[in-house]
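Engineer: Quick one: structure below, then a few questions.
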Amino acid sequence: MSEFLQHLVNMLVLGGTYALLGIGLTLIFGIMNVVNFTHGVLYTFGAYIMFIVVQQLGLNFFLALPVAVLAGWLLGAAIELTLLRPLRGSDIDTTMLVMIGAWIAMQSGALWIWGGVAKSVATPFPEAPLVLGPVSVSWLRLFVLAAAAMLILVTYLLINKTSLGRAMRATFQDHDTASLMGVNVDMIYTSTFAIGSSLAAAAGALLGPVYVIFPQMGDLAAVKAFAIVILGGLGNITGAVIGGFILALAEELGAGYVSSGYRDAMGFLIIIAVLIFRPTGLFARAERVG
Amino acid sequence: MTRAFGLVGTIALATALFGSAAGAQTIKIGVNEPLTGAFAASGTYVVNGAKIAADEINAKGGILGKKIELVIEDNKSNPTEAAAVAEKLITSDKVPVLMGAWGSSLTLAVMPKLMEYETPMVVETSSSGKITTTGNPFIFRISPPSAVEAAAFKGIVDKLALKKVDFLVINNDWGRGTAEDFSKMMKDKGISIGLVETMDQGAQDMSAQLSKIKSSDSETVIVTTAVDQLTLIFKQAAALGLKKRIITTGGSQNPDQIIAQAGAAANGTMHLTTFLPWFPDKTPNPEATNYFITEWKKRGFEFAGCTESFRGYDGIRTAAAAIEKAGKAEPAAIKAALWDINIKGLNGDIVFRKSGPEGKESGQSQPNVYLIEINDGKVGMKTL
């Protein structure tokens, strides 16, 4: 029983960051119809910003987080303006290829600048964990969970309660009509990509200190983000949040009770099942097709 | 304009000619190591150790009157890449001998290429038993196979009063081979084996496996993986309140890095290593060990890397000694000469003995294995 409780706690902590990774990607796909292969690199980028600010500049850990979010926002906006805007209207395959190119170029850039050897970031949290009965969790991971939950809430409010969010949702439904109603669609695209990117960078900045930071760290994260988006349904933010927790639960219980060798396979088994039985995602509303 | 081009062209041509002429003045040794990916830290250490050996040899005038040149390629911690890199080194760079490929799965992937091109390789780190038992006569290993590690560890299991152990190993030939060889030895000693958990080489979160081990009824965990994953395991085990005795194998732990990154969590842990940079006087070759450590520090590398990098140093010295003995930089001659060398490695004499099926034996030298313990953030030796 105590082992099960520990797995549940692990799942909560892991799920929070998976959700953060998933919503950034699903937002961009839903609104812009762009398969963002740079998502993983933006995650890596956020982690390296954390490394630069904390380890190289010697500044405060808590200051580094907003810096990473802002840097992710700026890099995302730059990618949108230079790569995606000129390709607006071209088919999804073309943008996909361009994004794959950007992913490889940026990952190689990180390798060139920082080298292949993993870096770690010191944190202000105590080494001794918080122990609650049979369950034990590190303070750093609790902080990561809280920060992830806060970022998810802010994103949710931004999309559902602000005029920018309303314009984003309108563009999502029909960008021609939104444009006719006076929505600056170009601006919406840039903001969407920038917000999605800043969420990826935030996830990297939060998880970098928990794990280690290296140029390819984003690859596995991106694969998981895609898994979460498929689980939750393309463009579905609530779905992505729940999908993040489901993936974390599957990994924890799969590794705990089935076989740890197949831990990373668990998520994909679920995806295969989802694609067979509910191809529009677990949380998609029924849609008339005929 | 045309004339300017002509001039540039002539210079370029001259440089190319000069370059290739200079190339013929060196003897190349191919180095196939993971410089990116899961084993980047370890592979980089090995390469830095290899460079110390090359510089030392070249400072003394090189071999056969020529300087040695290391052709270093990154195998990306990926077996497919490791095989491709070996092919590139042999066919395009024309190296007569290689050193590599750090991980067992990486080395195993390279082995068919060695057969195909009949080029010998000095294996500096890999520990899977399969490497020297499958009948590849181009393999010359200076690191201990996991069965040798297990045999060395056998002497101390009574003293440690082990009763039941769990395993947490990297999910590849190295980790699974270690779990197999250690289980066999322990069962013979009457120790029961509990869980055998694995982790992917790129995995960063081992909380699930550790939670499972935490609630098992064993008192000891044997952990096998490289330093990056190890530090994560120590941190995550501490965060989960795992109180079992942890013993690591494989010699790629960099104990000082574990102390630096895992802090108090490292205390009481034990590690099977193949080098003793903390106690140069206790190594088989104190003079060479001191030289190596001084040179390592002079180059500004972290002391922690010594336990890994010494293998690159020994590996290149092994290859160089064979080239010298062969009298020419040709694969077949070097392969034959490897059987006749006897050099003082940092971890014992490097002399190859036959291993594997008759007629196509691989070479295996017999390095020492040590058990160290971390206490109060310091490394201490345990007698095996």
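By convention here, the chains of the structure tokens are called A, B, ... in the order presented, each chain's residues are numbered starting at 1, and ligands are numbered starting at 1 in the order presented.
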Restrict the distance test to only C-alpha atoms, flag each residue of chain A within 6 Å of chain B, and return the flagged residues as a list in words.
Structural biologist: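 Close to chain B, chain A has Gly116, Val117, Pro129, Ser136, Val137, Ser138, Glu252, Ala255, Gly256, Ser260 and Gly261 of chain A.
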Engineer: Neighbours of segment 197-210 of chain A within 7 Å (only C-alpha atoms; same-chain residues fewer than 4 positions away dropped), as a PyMOL selection string?
Structural biologist: chain A and resi 17+20-21+24+39+42-47+50+65+68-70+72-73+76+120-123+144+193
Engineer: Please list as a list of chain:residue names every residue within 10 Å of Met96 of chain A, counting only C-alpha atoms and excluding residues in the same chain fewer than 2 positions away.
Structural biologist: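 My list of contacting residues is A:Val34, A:Val35, A:Asn36, A:Phe37, A:Thr38, A:Asp91, A:Ile92, A:Asp93, A:Thr94, A:Val98, A:Met99, A:Ile100, A:Gly101, A:Ala102.
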Engineer: Which residues in segment 52-203 of chain A does DSSP call strand (DSSP E or B)? List them as number ranges by chain.
Structural biologist: A: 119, 130-132, 135-137
Engineer: Env of Glu81 of chain B: 10 Å cut, atoms = only C-alpha atoms, seq-sep filter 3 positions within chain, self excluded. Answer as a list in words.
Structural biologist: Asn32, Pro34, Glu73, Asp74, Asn75, Lys76, Ser77, Asn78, Ala84, Val85, Ala86, Glu87, Leu106, Ala109 and Val110 of chain B
Engineer: Need to verify the contact set: segment 245-247 of chain B, 10 Å, only C-alpha atoms, exclusion of same-chain residues closer than 2 positions in sequence. Can you return it as a list in words?
Structural biologist: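 Near neighbours after the sequence-gap exclusion: Leu162, Val165, Asp166, Phe167, Ser218, Glu219, Thr220, Val221, Ile222, Val223, Thr224, Phe234, Ala237, Leu242, Lys243, Thr249, Ala266, Asn267, Gly268, Thr269, Met270, His271, Leu272, Leu371, Ile372 and Glu373 of chain B.
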Engineer: Considering only C-alpha atoms, return as a list in words whatever protein or nucleic-acid residues lie within 12 Å of Lys94 of chain B, sequence-local ones (same chain, fewer than 6 positions apart) excluded.
Structural biologist: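 My list of contacting residues is Gly23, Ala24, Thr26, Ile27, Lys28, Ile29, Gly30, Glu69, Leu70, Val71, Ala86, Glu87, Lys88, Tyr117, Thr119, Ala329, Glu330 and Pro331 of chain B.
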Engineer: Taking a cut-off of 10 Å and counting only C-alpha atoms, can you build a table that, for each residue of segment 183-285 of chain A near segment 155-170 of chain A, reports the nearest atom pair and how far apart they are in Å (one decimal), sorted by chain then residue number, as a Markdown table?
Structural biologist:
| residue | atom | partner | partner_atom | distance |
| --- | --- | --- | --- | --- |
| A:Val183 | CA | A:Ala167 | CA | 6.3 |
| A:Asn184 | CA | A:Ala167 | CA | 8.4 |
| A:Val185 | CA | A:Ala167 | CA | 8.4 |
| A:Met187 | CA | A:Met168 | CA | 9.8 |
| A:Ile188 | CA | A:Met168 | CA | 6.1 |
| A:Tyr189 | CA | A:Met168 | CA | 8.2 |
| A:Ser191 | CA | A:Leu164 | CA | 8.9 |
| A:Thr192 | CA | A:Met168 | CA | 7.5 |
| A:Ile195 | CA | A:Thr155 | CA | 8.5 |
| A:Gly196 | CA | A:Thr155 | CA | 9.5 |
| A:Leu199 | CA | A:Thr155 | CA | 8.9 |
| A:Ile237 | CA | A:Tyr156 | CA | 7.9 |
| A:Thr238 | CA | A:Tyr156 | CA | 8.6 |
Engineer: List the neighbours of Trp278 of chain B out to 8 Å using only C-alpha atoms; skip same-chain residues closer than 2 positions along the sequence, and give me the result as a ChimeraX atom specification.
Structural biologist: /B:276,280,379
Engineer: Check the smallest atom-to-atom distance from each of A:Val241, A:Ala110, A:Leu269, A:Ile104 to Ala148 of chain A using only C-alpha atoms, then report the winner.
Structural biologist: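 Among A:Val241, A:Ala110, A:Leu269, A:Ile104, it is A:Val241 that comes nearest to Ala148 of chain A.
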Engineer: Give me, as a ChimeraX atom specification, the residues of segment 89-272 of chain A that a backbone DSSP run labels helix (DSSP H, G or I).
Structural biologist: /A:92-114,139-161,163-173,175-180,185-207,217-232,237-258,260-272
Engineer: Please write the residues from the selection above to a file, keeping C-alpha atoms, as a tab-separated table (two decimals), in the first residue's frame.
Structural biologist:
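Once everything was written out, this is result.tsv:
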chain	number	residue	atom	x	y	z
A	92	ILE	CA	1.21	21.34	-43.34
A	93	ASP	CA	4.01	19.14	-44.74
A	94	THR	CA	6.10	22.14	-45.77
A	95	THR	CA	5.90	23.78	-42.36
A	96	MET	CA	6.58	20.41	-40.76
A	97	LEU	CA	9.81	20.02	-42.74
A	98	VAL	CA	10.87	23.56	-41.89
A	99	MET	CA	10.20	22.92	-38.21
A	100	ILE	CA	12.21	19.68	-38.32
A	101	GLY	CA	15.06	21.66	-39.86
A	102	ALA	CA	14.79	24.29	-37.13
A	103	TRP	CA	14.80	21.56	-34.48
A	104	ILE	CA	18.02	19.99	-35.83
A	105	ALA	CA	19.71	23.36	-36.29
A	106	MET	CA	18.84	24.53	-32.76
A	107	GLN	CA	19.84	21.25	-31.14
A	108	SER	CA	23.17	21.31	-32.95
A	109	GLY	CA	23.55	24.94	-31.85
A	110	ALA	CA	23.08	23.91	-28.22
A	111	LEU	CA	25.68	21.17	-28.69
A	112	TRP	CA	28.07	23.65	-30.26
A	113	ILE	CA	27.67	26.22	-27.48
A	114	TRP	CA	27.45	24.04	-24.38
A	139	TRP	CA	10.95	19.96	-1.79
A	140	LEU	CA	12.25	20.80	-5.24
A	141	ARG	CA	9.68	18.53	-6.86
A	142	LEU	CA	6.89	19.99	-4.76
A	143	PHE	CA	7.94	23.43	-5.91
A	144	VAL	CA	7.99	22.24	-9.53
A	145	LEU	CA	4.47	20.86	-9.13
A	146	ALA	CA	3.21	24.12	-7.61
A	147	ALA	CA	4.87	26.24	-10.29
A	148	ALA	CA	3.51	24.00	-13.06
A	149	ALA	CA	0.00	24.18	-11.60
A	150	MET	CA	0.25	27.96	-11.43
A	151	LEU	CA	1.43	28.24	-15.04
A	152	ILE	CA	-1.37	25.95	-16.20
A	153	LEU	CA	-3.91	28.08	-14.33
A	154	VAL	CA	-2.51	31.31	-15.80
A	155	THR	CA	-2.69	29.83	-19.30
A	156	TYR	CA	-6.24	28.68	-18.71
A	157	LEU	CA	-7.30	32.12	-17.50
A	158	LEU	CA	-5.47	33.81	-20.36
A	159	ILE	CA	-7.35	31.77	-22.92
A	160	ASN	CA	-10.76	31.79	-21.27
A	161	LYS	CA	-10.95	35.20	-19.57
A	163	SER	CA	-9.74	39.43	-24.90
A	164	LEU	CA	-6.53	37.99	-26.35
A	165	GLY	CA	-7.79	34.58	-25.32
A	166	ARG	CA	-11.17	35.24	-26.93
A	167	ALA	CA	-9.43	36.26	-30.15
A	168	MET	CA	-7.32	33.11	-29.98
A	169	ARG	CA	-10.38	30.92	-29.54
A	170	ALA	CA	-12.13	32.72	-32.40
A	171	THR	CA	-9.11	32.17	-34.66
A	172	PHE	CA	-9.10	28.52	-33.62
A	173	GLN	CA	-12.71	28.13	-34.74
A	175	HIS	CA	-9.58	32.27	-38.85
A	176	ASP	CA	-11.24	33.86	-41.89
A	177	THR	CA	-14.30	34.92	-39.93
A	178	ALA	CA	-12.14	36.04	-37.01
A	179	SER	CA	-10.13	38.14	-39.41
A	180	LEU	CA	-13.32	39.70	-40.83
A	185	VAL	CA	-4.77	37.06	-37.07
A	186	ASP	CA	-1.05	37.58	-37.67
A	187	MET	CA	-0.68	38.92	-34.16
A	188	ILE	CA	-2.71	36.02	-32.75
A	189	TYR	CA	-0.45	33.50	-34.50
A	190	THR	CA	2.70	35.12	-33.18
A	191	SER	CA	1.30	35.35	-29.64
A	192	THR	CA	0.09	31.76	-29.72
A	193	PHE	CA	3.43	30.43	-30.83
A	194	ALA	CA	5.22	32.63	-28.30
A	195	ILE	CA	2.96	31.48	-25.44
A	196	GLY	CA	3.30	27.81	-26.41
A	197	SER	CA	7.06	28.22	-26.61
A	198	SER	CA	7.29	29.97	-23.26
A	199	LEU	CA	5.38	27.07	-21.67
A	200	ALA	CA	7.88	24.59	-23.15
A	201	ALA	CA	10.77	26.72	-21.89
A	202	ALA	CA	9.10	26.91	-18.46
A	203	ALA	CA	8.83	23.12	-18.32
A	204	GLY	CA	12.51	22.82	-19.22
A	205	ALA	CA	13.51	25.45	-16.66
A	206	LEU	CA	11.55	23.61	-13.96
A	207	LEU	CA	12.75	20.11	-14.82
A	217	MET	CA	17.12	16.31	-23.34
A	218	GLY	CA	14.22	17.76	-25.32
A	219	ASP	CA	13.81	14.76	-27.63
A	220	LEU	CA	12.19	12.45	-25.10
A	221	ALA	CA	10.21	15.39	-23.68
A	222	ALA	CA	8.87	16.22	-27.15
A	223	VAL	CA	7.88	12.63	-27.82
A	224	LYS	CA	5.97	12.63	-24.53
A	225	ALA	CA	4.37	15.97	-25.36
A	226	PHE	CA	3.11	14.55	-28.66
A	227	ALA	CA	1.78	11.53	-26.80
A	228	ILE	CA	-0.09	13.77	-24.38
A	229	VAL	CA	-1.58	15.86	-27.19
A	230	ILE	CA	-2.83	12.73	-28.95
A	231	LEU	CA	-4.28	11.44	-25.67
A	232	GLY	CA	-6.09	14.68	-24.91
A	237	ILE	CA	-6.15	22.23	-23.35
A	238	THR	CA	-8.11	20.49	-20.61
A	239	GLY	CA	-7.48	17.25	-22.47
A	240	ALA	CA	-3.74	17.93	-22.48
A	241	VAL	CA	-3.72	18.53	-18.72
A	242	ILE	CA	-5.56	15.30	-18.00
A	243	GLY	CA	-3.51	13.52	-20.69
A	244	GLY	CA	-0.33	14.58	-18.89
A	245	PHE	CA	-1.48	12.98	-15.66
A	246	ILE	CA	-2.69	9.82	-17.41
A	247	LEU	CA	0.68	9.38	-19.09
A	248	ALA	CA	2.49	9.88	-15.77
A	249	LEU	CA	0.17	7.38	-14.08
A	250	ALA	CA	0.71	4.80	-16.83
A	251	GLU	CA	4.48	5.19	-16.58
A	252	GLU	CA	4.56	4.97	-12.80
A	253	LEU	CA	2.26	1.99	-12.47
A	254	GLY	CA	3.72	0.33	-15.55
A	255	ALA	CA	7.22	0.57	-14.13
A	256	GLY	CA	6.08	-0.25	-10.63
A	257	TYR	CA	3.88	-3.25	-11.30
A	258	VAL	CA	4.54	-4.49	-14.82
A	260	SER	CA	10.50	-1.09	-15.52
A	261	GLY	CA	12.15	-2.00	-18.81
A	262	TYR	CA	8.97	-0.96	-20.58
A	263	ARG	CA	8.38	2.24	-18.67
A	264	ASP	CA	8.65	4.55	-21.67
A	265	ALA	CA	6.65	2.11	-23.78
A	266	MET	CA	3.58	2.37	-21.50
A	267	GLY	CA	2.63	5.81	-22.80
A	268	PHE	CA	2.81	4.62	-26.36
A	269	LEU	CA	0.72	1.54	-25.70
A	270	ILE	CA	-1.98	3.91	-24.45
A	271	ILE	CA	-1.63	6.05	-27.56
A	272	ILE	CA	-2.04	3.04	-29.80
